[in-house]
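Encoded as structure tokens, the structure appears first; notes follow it.
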Amino acid sequence: MNIKRISFLILFLLIAFLSSCNKENSSNSNRVIIGISSDIESTNPLFAFTPNEGNISELLYLSLVQFDWDKQKGELIPKPMLAKDWYWNADSSSITLDLRNDVYWSDGVQFTANDVVYSFDVYSDPVVQSSLYGTFKNFYTDTSLHIDINKTFTVESPFKIKINFKKGSIPNFVDIGLPLIPEHVFKNVDRKNLITTEKDMKPVTDGPFYLSNWEKNQAIILKANKKSFLHKSSGLSELIFKVVPDYSSRIMQLKRDEIDLTEDSEAGDVAQLKNISSLIISPIDGRDYDYAAWNNIDPDAYKRNKIIPNKIFGDEKVREAFTYAINRQEIVHDFLNDLGQVASGPVSPIFKNALDTLLKPLPYDPDEAKRILAADGWKDVNQDGVLEKGNQKLSFTFYIPSGNPRRKYAATIIKNDLRKIGVDIKIESLEPQVFFQRMFAHELNAWMAGWSVPIPLDLKSPWYSDLKNTPLNVYGYQSKAADALLNLIGHEKSSQQRDQLYKKFQELIYKDNPVTFLYWVDNIVAYNRRIKNISITPLGAVEHCWNWSITK
Amino acid sequence: MTSKLKIWHLIIAICIALLLLNYGLVIKTYSLIIIYLQIIPENYPRAISQIGFSLIDSCASAILVVIIPIFVYLLRKRVKIFYVSLNFTSAAIIILISFFIFAPFAASSNPNFQQNISETKLLPPFSSVEVIHLKRNEKPEQNLIGKFFNLKKEVVKNTFDESIIFADSIVITKVATIYQKGNQVILPKDTILFSYGKPVITKKLFLFGTDEFGRDIYSRLVYGARISLFVGLGSVTISLLLGLSLGFLAGYPGGFVDTIISRVTDMFLSFPAIFLVILILALFGNSLFTVIIVLGFSGWMSLFKIVRSEVVSLKQKDFFISAKMSGLSGYRLLTKEVLPLILAPVVVNLVFQYGSVILAEAALSFLGLGTGSSYPSWGAMIEAGQNYLTEAWWMIVPPGLCLFVTLYAANNLGKEINLIFNPRLKG
Amino acid sequence: MFLLISFLFFLLRISPGDPSLKFISPDLSPKLAAKIRDSFNLNSSLVDQYKAFLINLVRGNFGISYTYRMPVLSVIKDYLPFTLIFSSISFLIQIIAGFFLALFSVKKINGAFDKTISKLSLIAYAIPSFVLGVSLILVFSSALNLFPSSGLSSFDFSSFSFFQRLSDYAFHLVLPLITLSLSGVAVYYKYLRENLEDVYNKTFVLNLRAHGFTEKEITRKHVIPNAINPLISVAGVELGILFGGALVTEVIFGLPGMGRLTVNAILSRDYPLVIGCTFISGVLVILSNLAADLIKVRVDKRLLKSTLN
């Protein structure tokens, strides 16, 4: 027995083995591979909590309407999908929809109006805990926010349905644009257990793609549903969502053509990605912003159900000074590589008509910040480098959620910038679960978080003063004037009038600086040139991917 | 294997080098101390309120950097350890310890110093940028306190400095145009500091390059040594106390107590410690002290086993029984009879334990569960560097090397101590 | 074991952090949020929660994972096989490589091979696995583009034949295996080298030599079993720890193993999953220790026999 010889043989075999598998068919003709950061937990739209889950479930399950994005106006345009046609009644309190009669679920059962009724019923049922539970505000609901089926839906024929909205509400196509699920599959399942039993059921779908294989933590493989009315012969035959948790490996695989598309690339990588001829980099104005929050109300008093101004940040002068002192341009330039813009208020630049372009973000001016603070009575009496006003020191802990490189970067810059004007600021990063819990409890004094502005624009939830019913107003912004404006917006039917009110609201926020708006982050979509007919909109890159085709 | 260089040579060389490189700073620090001593009788509460960690740090380093070499030189004959020959291990340990003590002098700037990020970020090792000095609008202060503040500003390194600008170059016409990586900044001429009709420009060298905030990696390494040593020493102490007391508690009376404590130890041993550590840190938040305590609590088991078995075997020995008969209390028994005997295995175990604690701290920082203090730790530096893997290898390699050298030195030290205590192992 | 689990349960409950947050869209009013929280059984008293928890444990039911919304065991089922295979391979590599290296270097103590390997093993032992992993990616993946930097299989995996699949796995696991195994190789090498050297110097070896046994026979039949024996219990403990998941390696290379599962569960406050994971790794630790003990007895018997002969 010659150990040496055997081990050499093994080594040789191993090497031969390894080299044999060096990339062969790297690009299967009609397939697109999308890199995503984490595995989904469900393909069912009922439980689509994350954006990826939303994207995938929307490809499997169709909605009544689909949306396009109007770039000029910054608005949604509804387009037919399961509903061929629709008409509103005179006062827009109900809509009648003509449904397609050529849509079949993957088990052969035809799609009908009953599926519509059933879907709304299940989505709004509190025992189901669906991802959209609680969002049906324009419908007739009972106290548990469950939609009143009888009052809301009138099934006129299997392919014609009328939806009646709540009196006085301003219904929107978004209200009915949710992916519908098959009644005949789920009706025998106990709704309480739907969330768990759904896992073991083979999905019955009606979308342009069907689920072919789902390898946990590796890939979700969709194949074209040739029977779908959305299917095109030139379209994709296969769409794969590949799970690549590590960001830098995702980029690496993109460069090597191992994946074809990925969203949310970091700005720092754009330069090197642009050098790669096979890739197209398409940054679009984002609707995500980060903000440095200064709790407007006092956390201790809030615990005792009292709302009084915060000891430091209740003063709008302090907040204004901080906004002057933070070099937001530097963050945009050095971390986002200018793929983003300094924010002036809560309305994203994608909403062209609603955005008040006259309001320019305050410039970086530490001297002005110092002047404002001095005029407001903040002085460094004992010369320890930290300002005081009476007994109150300008000293606080600034919390950030851990695991977000951009916020960590921004926080480091904020810390240094605020120290320059005599603020004693300490950064503490909290594990996201703990962070958000404390943030929603109004326990933190100062922190950084982000907000993704929904489409259509909704300013009431994050800015209305009533903290009990608008928990998203985490910074406790209190303003009677703003409340009045938000109420007006909620009842305004004309979109032009609404845009004017939005602008007024932005002026108010601009003056009050309830938080320091930092920057809007571009969504950087990088994809392979092979993909044609792709349109990148604020709705996301994967939207309408049944229209994509591949050049060979 | 005896080299002519001894440990005391290196210690003195380091101190002298630090003194020569930072003579200006050292002198300023001493005058700061003198002024401060004058202030104390004059304005006591004011003086007390000025004491901060970084001030004490700077002053202590300034004093030690002079005192230590003198002491080492005087005592070199009497203290045997100074005469140990210099090898890789001892050199690494001494350099590490001097980083720990003299961090304010050894580092060239505050580890968190950042300025003109677009100019300085991600510079490769050995690059340098021009430093343009601006005019300061401070008047020379006459009274002591004023002088004290001015000096303090120069001695205690801050994370920002408003009197300088980093740039590629500067062109002076009617205005001063400053070029920074494609950016141009135009400043009025009178803001720039001139000397003999020329703008004052110095150079700043980044020995190991800079990170994504333009912070000096070398300075961060120096301060990172502090975190590593501090965490290591702290948790090893905790492990030592726990292991000793529990071991004695279990081994001395024996019986029921012994069984319980031994079972619990086995339980802890059977569970991968890293999970416990991560669990506790995730649940209760991570700060420097929780990290130290948790790591300390996760490492006492091997010490416990050593102590317990020694105590159990000691109990049978005659001298121990006689000592017990003579009425020594449990505590005195522990310190007088047990400790000297188990010193050797315990010290060796501690040194190895120290290495694994440093490694654990770095791994935790790497996973994002580190000390969370404002000072950098080596593990956290590597973690940060991962995002810039393809652009800036120098963000990973230096801290990785430091970590490696420290672990290597700790392992070697453990071995050498083992050899000293058990010469027969030499074979 | 039981103690450990109870300890964990209380540790989890007294810590801050609210798991219900993940299931409630922020638009919800606080009253309804409380209702959902109720359905997760988080509002009942601690004692009741603990009782329910223990009953489930006896039945082998760890509850339903909050994040995956699946029974905990079926979540673990997806991750465990990988960890078992991955750590077993790494374990074999460590033992085999350590063993042969030690054998070769003992053949000529203080020879060139022995000296270099001894030095290298010291270095390998001192390199932290994450430094090694990141450096390997830097060199082999970024710079040389030789090996994939993460994941377990290629995207067109499903179209592969069996051998292609196997080689694809192997290809993806080269760097992770090196990262995970290197320090272990060094440990076993060190132990074995010392033990082998010790045994070679024992008098009975000299006796055997005097009796005219060939060097090969002596090594195979007498020295190796003697040298390996003390190592077995060490190996048992090591294997148990490996089964717990090669945390750092899994994170660096994005591998679907128990280590990452556990850490993610901890970070998202998925109580049932955390307890399930720790329970499973605890069981594995105990099993591998047991296995080590059994093997030890066997080796001992053989020793017994060989001396009788």
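Note on naming: chains are A, B, ... as they come in the structure tokens, residues start from 1 per chain, ligands start from 1 in the order shown.
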Exercise. Please give the complete set of residues from segment 58-161 of chain B that DSSP, run on the backbone, assigns to strand (DSSP E or B), formatted as an MDAnalysis selection string.
Key: chainID B and resid 85 127:134
Take the residues that were just selected and, keeping N, CA and C atoms, output them as a PDB file, in the first residue's frame.
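File written: out_19.pdb
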```
ATOM      1  N   SER B  85      15.835  37.279  25.679  1.00  0.00           N
ATOM      2  CA  SER B  85      16.203  37.691  24.319  1.00  0.00           C
ATOM      3  C   SER B  85      14.961  37.996  23.498  1.00  0.00           C
ATOM      4  N   SER B 127       0.013  56.552   0.728  1.00  0.00           N
ATOM      5  CA  SER B 127      -0.327  57.744  -0.042  1.00  0.00           C
ATOM      6  C   SER B 127      -0.371  58.932   0.907  1.00  0.00           C
ATOM      7  N   SER B 128      -0.258  60.082   0.331  1.00  0.00           N
ATOM      8  CA  SER B 128      -0.305  61.270   1.175  1.00  0.00           C
ATOM      9  C   SER B 128      -1.078  62.360   0.465  1.00  0.00           C
ATOM     10  N   VAL B 129      -1.627  63.262   1.239  1.00  0.00           N
ATOM     11  CA  VAL B 129      -2.346  64.388   0.651  1.00  0.00           C
ATOM     12  C   VAL B 129      -1.776  65.680   1.233  1.00  0.00           C
ATOM     13  N   GLU B 130      -2.031  66.768   0.527  1.00  0.00           N
ATOM     14  CA  GLU B 130      -1.590  68.061   1.013  1.00  0.00           C
ATOM     15  C   GLU B 130      -2.551  68.549   2.090  1.00  0.00           C
ATOM     16  N   VAL B 131      -1.993  69.189   3.090  1.00  0.00           N
ATOM     17  CA  VAL B 131      -2.827  69.765   4.135  1.00  0.00           C
ATOM     18  C   VAL B 131      -2.705  71.278   4.053  1.00  0.00           C
ATOM     19  N   ILE B 132      -3.789  71.943   3.782  1.00  0.00           N
ATOM     20  CA  ILE B 132      -3.768  73.398   3.702  1.00  0.00           C
ATOM     21  C   ILE B 132      -4.298  73.951   5.016  1.00  0.00           C
ATOM     22  N   HIS B 133      -3.510  74.840   5.599  1.00  0.00           N
ATOM     23  CA  HIS B 133      -3.910  75.358   6.910  1.00  0.00           C
ATOM     24  C   HIS B 133      -4.680  76.652   6.760  1.00  0.00           C
ATOM     25  N   LEU B 134      -5.718  76.755   7.540  1.00  0.00           N
ATOM     26  CA  LEU B 134      -6.536  77.969   7.509  1.00  0.00           C
ATOM     27  C   LEU B 134      -6.172  78.847   8.704  1.00  0.00           C
TER      28      LEU B 134
END
```
Quiz item: Which residues, written as a ChimeraX atom specification, have at least one atom at most 10 Å from segment 134-142 of chain C, with only C-alpha atoms counted and residues fewer than 5 positions away on the same chain left out?
Solution: /A:249,252 /B:382-383,385-386,389-390,393,396-397,400 /C:129,147-150,175-176,178-179,249,252-253
Quiz item: When the cut-off is 8 Å and we count only C-alpha atoms, which residues of chain A are near chain C, given as an MDAnalysis selection string?
Solution: chainID A and resid 17:18 21 26 33 41 129 131:135 144 195:196 199 216:219 242 244:246 249 252 258 431 433:434 437 461 468:472
I need the chosen residues saved as a short mmCIF file (atom, residue, chain, number, x, y, z; two decimals), in the first residue's frame, with N, CA and C atoms.
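Final output, saved to out_14.cif:
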```cif
data_model
loop_
_atom_site.label_atom_id
_atom_site.label_comp_id
_atom_site.auth_asym_id
_atom_site.auth_seq_id
_atom_site.Cartn_x
_atom_site.Cartn_y
_atom_site.Cartn_z
N PHE A 17 -11.91 16.33 -11.85
CA PHE A 17 -13.30 16.44 -11.52
C PHE A 17 -13.75 17.90 -11.49
N LEU A 18 -12.94 18.68 -10.80
CA LEU A 18 -13.30 20.08 -10.61
C LEU A 18 -13.24 20.84 -11.91
N CYS A 21 -16.12 20.72 -14.47
CA CYS A 21 -17.40 21.36 -14.28
C CYS A 21 -17.33 22.86 -14.50
N SER A 26 -23.68 28.69 -19.78
CA SER A 26 -23.91 29.77 -18.83
C SER A 26 -25.18 30.55 -19.17
N ILE A 33 -32.31 35.32 -14.88
CA ILE A 33 -32.07 35.02 -13.47
C ILE A 33 -31.95 36.33 -12.70
N GLU A 41 -40.66 33.44 1.95
CA GLU A 41 -41.21 32.46 2.87
C GLU A 41 -42.53 31.91 2.37
N GLN A 129 -54.54 36.92 9.25
CA GLN A 129 -53.30 37.70 9.40
C GLN A 129 -52.62 37.93 8.06
N SER A 131 -51.11 39.95 4.71
CA SER A 131 -50.20 41.10 4.66
C SER A 131 -50.97 42.41 4.42
N LEU A 132 -52.18 42.33 3.87
CA LEU A 132 -52.91 43.56 3.58
C LEU A 132 -53.99 43.84 4.62
N TYR A 133 -54.00 43.05 5.68
CA TYR A 133 -55.04 43.23 6.67
C TYR A 133 -54.99 44.66 7.23
N GLY A 134 -56.15 45.26 7.33
CA GLY A 134 -56.21 46.61 7.91
C GLY A 134 -56.08 47.71 6.89
N THR A 135 -55.91 47.37 5.61
CA THR A 135 -55.71 48.42 4.61
C THR A 135 -57.00 48.73 3.83
N SER A 144 -63.90 44.72 13.25
CA SER A 144 -62.58 44.10 13.17
C SER A 144 -61.93 44.35 11.81
N ILE A 195 -52.31 30.07 7.25
CA ILE A 195 -50.94 30.56 7.21
C ILE A 195 -49.94 29.41 7.24
N THR A 196 -50.30 28.31 7.90
CA THR A 196 -49.37 27.17 7.93
C THR A 196 -49.71 26.12 6.89
N LYS A 199 -48.45 26.23 3.18
CA LYS A 199 -47.10 25.77 2.82
C LYS A 199 -47.12 24.41 2.13
N LYS A 216 -35.24 25.63 -1.32
CA LYS A 216 -35.12 26.50 -0.15
C LYS A 216 -33.75 27.16 -0.08
N ASN A 217 -33.79 28.47 0.06
CA ASN A 217 -32.56 29.24 0.21
C ASN A 217 -31.63 29.19 -0.99
N GLN A 218 -32.07 28.64 -2.07
CA GLN A 218 -31.25 28.61 -3.27
C GLN A 218 -31.92 29.36 -4.40
N ALA A 219 -33.08 28.93 -4.79
CA ALA A 219 -33.71 29.56 -5.95
C ALA A 219 -35.20 29.28 -5.99
N LYS A 242 -32.84 33.92 -7.82
CA LYS A 242 -31.76 33.20 -7.16
C LYS A 242 -31.41 33.91 -5.86
N VAL A 244 -29.07 35.10 -3.23
CA VAL A 244 -27.65 35.33 -2.96
C VAL A 244 -27.60 36.32 -1.81
N PRO A 245 -27.49 35.81 -0.58
CA PRO A 245 -27.63 36.70 0.57
C PRO A 245 -26.55 37.77 0.63
N ASP A 246 -25.34 37.41 0.26
CA ASP A 246 -24.26 38.35 0.42
C ASP A 246 -24.24 39.34 -0.74
N SER A 249 -21.29 39.16 -3.28
CA SER A 249 -21.32 38.03 -4.22
C SER A 249 -22.40 38.23 -5.28
N MET A 252 -20.76 40.24 -7.81
CA MET A 252 -19.78 39.42 -8.52
C MET A 252 -20.47 38.53 -9.55
N GLU A 258 -23.73 35.41 -14.14
CA GLU A 258 -24.40 34.30 -13.47
C GLU A 258 -25.80 34.71 -13.06
N GLU A 431 -30.15 46.25 17.35
CA GLU A 431 -30.62 45.18 16.48
C GLU A 431 -32.03 45.57 16.01
N GLN A 433 -35.01 44.54 15.36
CA GLN A 433 -36.24 44.25 16.09
C GLN A 433 -36.43 45.17 17.29
N VAL A 434 -35.36 45.26 18.08
CA VAL A 434 -35.42 46.09 19.28
C VAL A 434 -35.57 47.56 18.88
N GLN A 437 -39.10 48.42 17.69
CA GLN A 437 -40.04 48.37 18.80
C GLN A 437 -39.95 49.63 19.64
N SER A 461 -50.47 59.10 7.29
CA SER A 461 -49.99 58.15 8.30
C SER A 461 -48.68 58.58 8.96
N LYS A 468 -52.15 58.01 18.62
CA LYS A 468 -52.78 56.72 18.88
C LYS A 468 -53.18 56.03 17.57
N ASN A 469 -53.71 56.82 16.65
CA ASN A 469 -54.22 56.22 15.43
C ASN A 469 -53.28 56.31 14.24
N THR A 470 -52.26 57.11 14.35
CA THR A 470 -51.25 57.13 13.29
C THR A 470 -49.89 56.80 13.92
N PRO A 471 -49.68 55.51 14.21
CA PRO A 471 -48.44 55.13 14.89
C PRO A 471 -47.19 55.39 14.07
N LEU A 472 -47.36 55.65 12.77
CA LEU A 472 -46.17 55.90 11.96
C LEU A 472 -45.57 57.27 12.22
#
```
Quiz item: chain B residues within 10 Å of chain A, counting only C-alpha atoms: which ones, as a PyMOL selection string?
Solution: chain B and resi 46+49-52+112-119+121+145-146+149+153+158-162+212-213+282-287+367-369+372-374+384+386-391
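Between atom CA of Thr397 of chain A and atom CA of Ala446 of chain A there is a distance of 6.6 Å.
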Practice problem: Do a neighbour search on Tyr223 of chain B at 12 Å with only C-alpha atoms, toss out local chain neighbours closer than 2 positions, and write the hits as a ChimeraX atom specification. | Solution: /B:96-112,216-221,225-230,373-378,381,399,402
Quiz item: Can you tell me how far atom CA of Ala246 of chain C sits from atom CA of Ser265 of chain A, in Å to one decimal?
Solution: 28.5 Å
Self-check item: Residue nearest chain C - candidates B:Ile35, B:Ile293, B:Pro345, B:Leu281, atoms counted: only C-alpha atoms
Solution: B:Leu281
Quiz item: atom CA of Leu444 of chain A and atom CA of Asp315 of chain A are how many Å apart?
Solution: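 Interatomic distance, atom CA of Leu444 of chain A to atom CA of Asp315 of chain A: 16.5 Å.
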Quiz item: Do you know which residues are at most 6 Å from segment 180-192 of chain A counting only C-alpha atoms, after dropping those on the same chain fewer than 3 positions away, and could you put them as a PyMOL selection string?
Solution: chain A and resi 63+115+118-119+127-128
Pull N, CA, C and O atoms from the residues just selected and write them as a PDB file, in the first residue's frame.
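File result_23.pdb, as written:
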```pdb
ATOM      1  N   SER A  63     -54.185  40.150 -10.742  1.00  0.00           N
ATOM      2  CA  SER A  63     -55.072  41.080 -10.060  1.00  0.00           C
ATOM      3  C   SER A  63     -56.145  41.536 -11.041  1.00  0.00           C
ATOM      4  O   SER A  63     -56.065  41.260 -12.238  1.00  0.00           O
ATOM      5  N   ASP A 115     -64.213  34.217  -7.125  1.00  0.00           N
ATOM      6  CA  ASP A 115     -62.838  34.298  -6.648  1.00  0.00           C
ATOM      7  C   ASP A 115     -62.530  35.698  -6.137  1.00  0.00           C
ATOM      8  O   ASP A 115     -61.795  35.880  -5.163  1.00  0.00           O
ATOM      9  N   TYR A 118     -64.268  36.114  -2.734  1.00  0.00           N
ATOM     10  CA  TYR A 118     -63.580  35.292  -1.748  1.00  0.00           C
ATOM     11  C   TYR A 118     -62.238  35.925  -1.348  1.00  0.00           C
ATOM     12  O   TYR A 118     -61.883  35.986  -0.167  1.00  0.00           O
ATOM     13  N   SER A 119     -61.493  36.403  -2.340  1.00  0.00           N
ATOM     14  CA  SER A 119     -60.172  36.972  -2.052  1.00  0.00           C
ATOM     15  C   SER A 119     -60.283  38.152  -1.105  1.00  0.00           C
ATOM     16  O   SER A 119     -59.558  38.229  -0.105  1.00  0.00           O
ATOM     17  N   VAL A 127     -58.529  36.732  11.278  1.00  0.00           N
ATOM     18  CA  VAL A 127     -57.886  35.484  11.718  1.00  0.00           C
ATOM     19  C   VAL A 127     -56.818  35.018  10.738  1.00  0.00           C
ATOM     20  O   VAL A 127     -55.960  34.231  11.088  1.00  0.00           O
ATOM     21  N   VAL A 128     -56.870  35.523   9.497  1.00  0.00           N
ATOM     22  CA  VAL A 128     -55.911  35.067   8.493  1.00  0.00           C
ATOM     23  C   VAL A 128     -54.545  35.724   8.688  1.00  0.00           C
ATOM     24  O   VAL A 128     -53.521  35.156   8.366  1.00  0.00           O
TER      25      VAL A 128
END
```
Quiz prompt | All residues 12 Å or closer to Asn391 of chain A, only C-alpha atoms, same chain fewer than 2 positions away omitted, as JSON, numbers by chain | solution = {"A": [311, 312, 377, 378, 379, 380, 381, 382, 387, 388, 389, 393, 394, 395]}
Quiz prompt | Surrounding residues of Thr219 of chain C excluding itself and chain neighbours under 5 positions, 10 Å, only C-alpha atoms, as a PyMOL selection string | solution = chain C and resi 103+196+199-200+205+213-214+224-226
Quiz item: Hey, what does DSSP flag as helix (DSSP H, G or I) within segment 125-269 of chain B? Can you give it to me as a PyMOL selection string?
Solution: chain B and resi 144-155+189-191+217-251+255-269
Quiz item: Nearest to chain C among B:Arg332, B:Lys80, B:Lys317, B:Arg263, with distances taken over only C-alpha atoms: which residue is it?
Solution: B:Arg263
Exercise. Check the smallest atom-to-atom distance from each of C:Leu208, C:Ile275, C:Val237, C:Leu290 to chain B using only C-alpha atoms, then report the winner.
Key: C:Val237
Practice problem: For Ala186 of chain C, work out the shell of residues within 8 Å, counting only C-alpha atoms and skipping chain neighbours fewer than 5 positions away, then give it as a ChimeraX atom specification. | Solution: /C:98,121-122,124-125
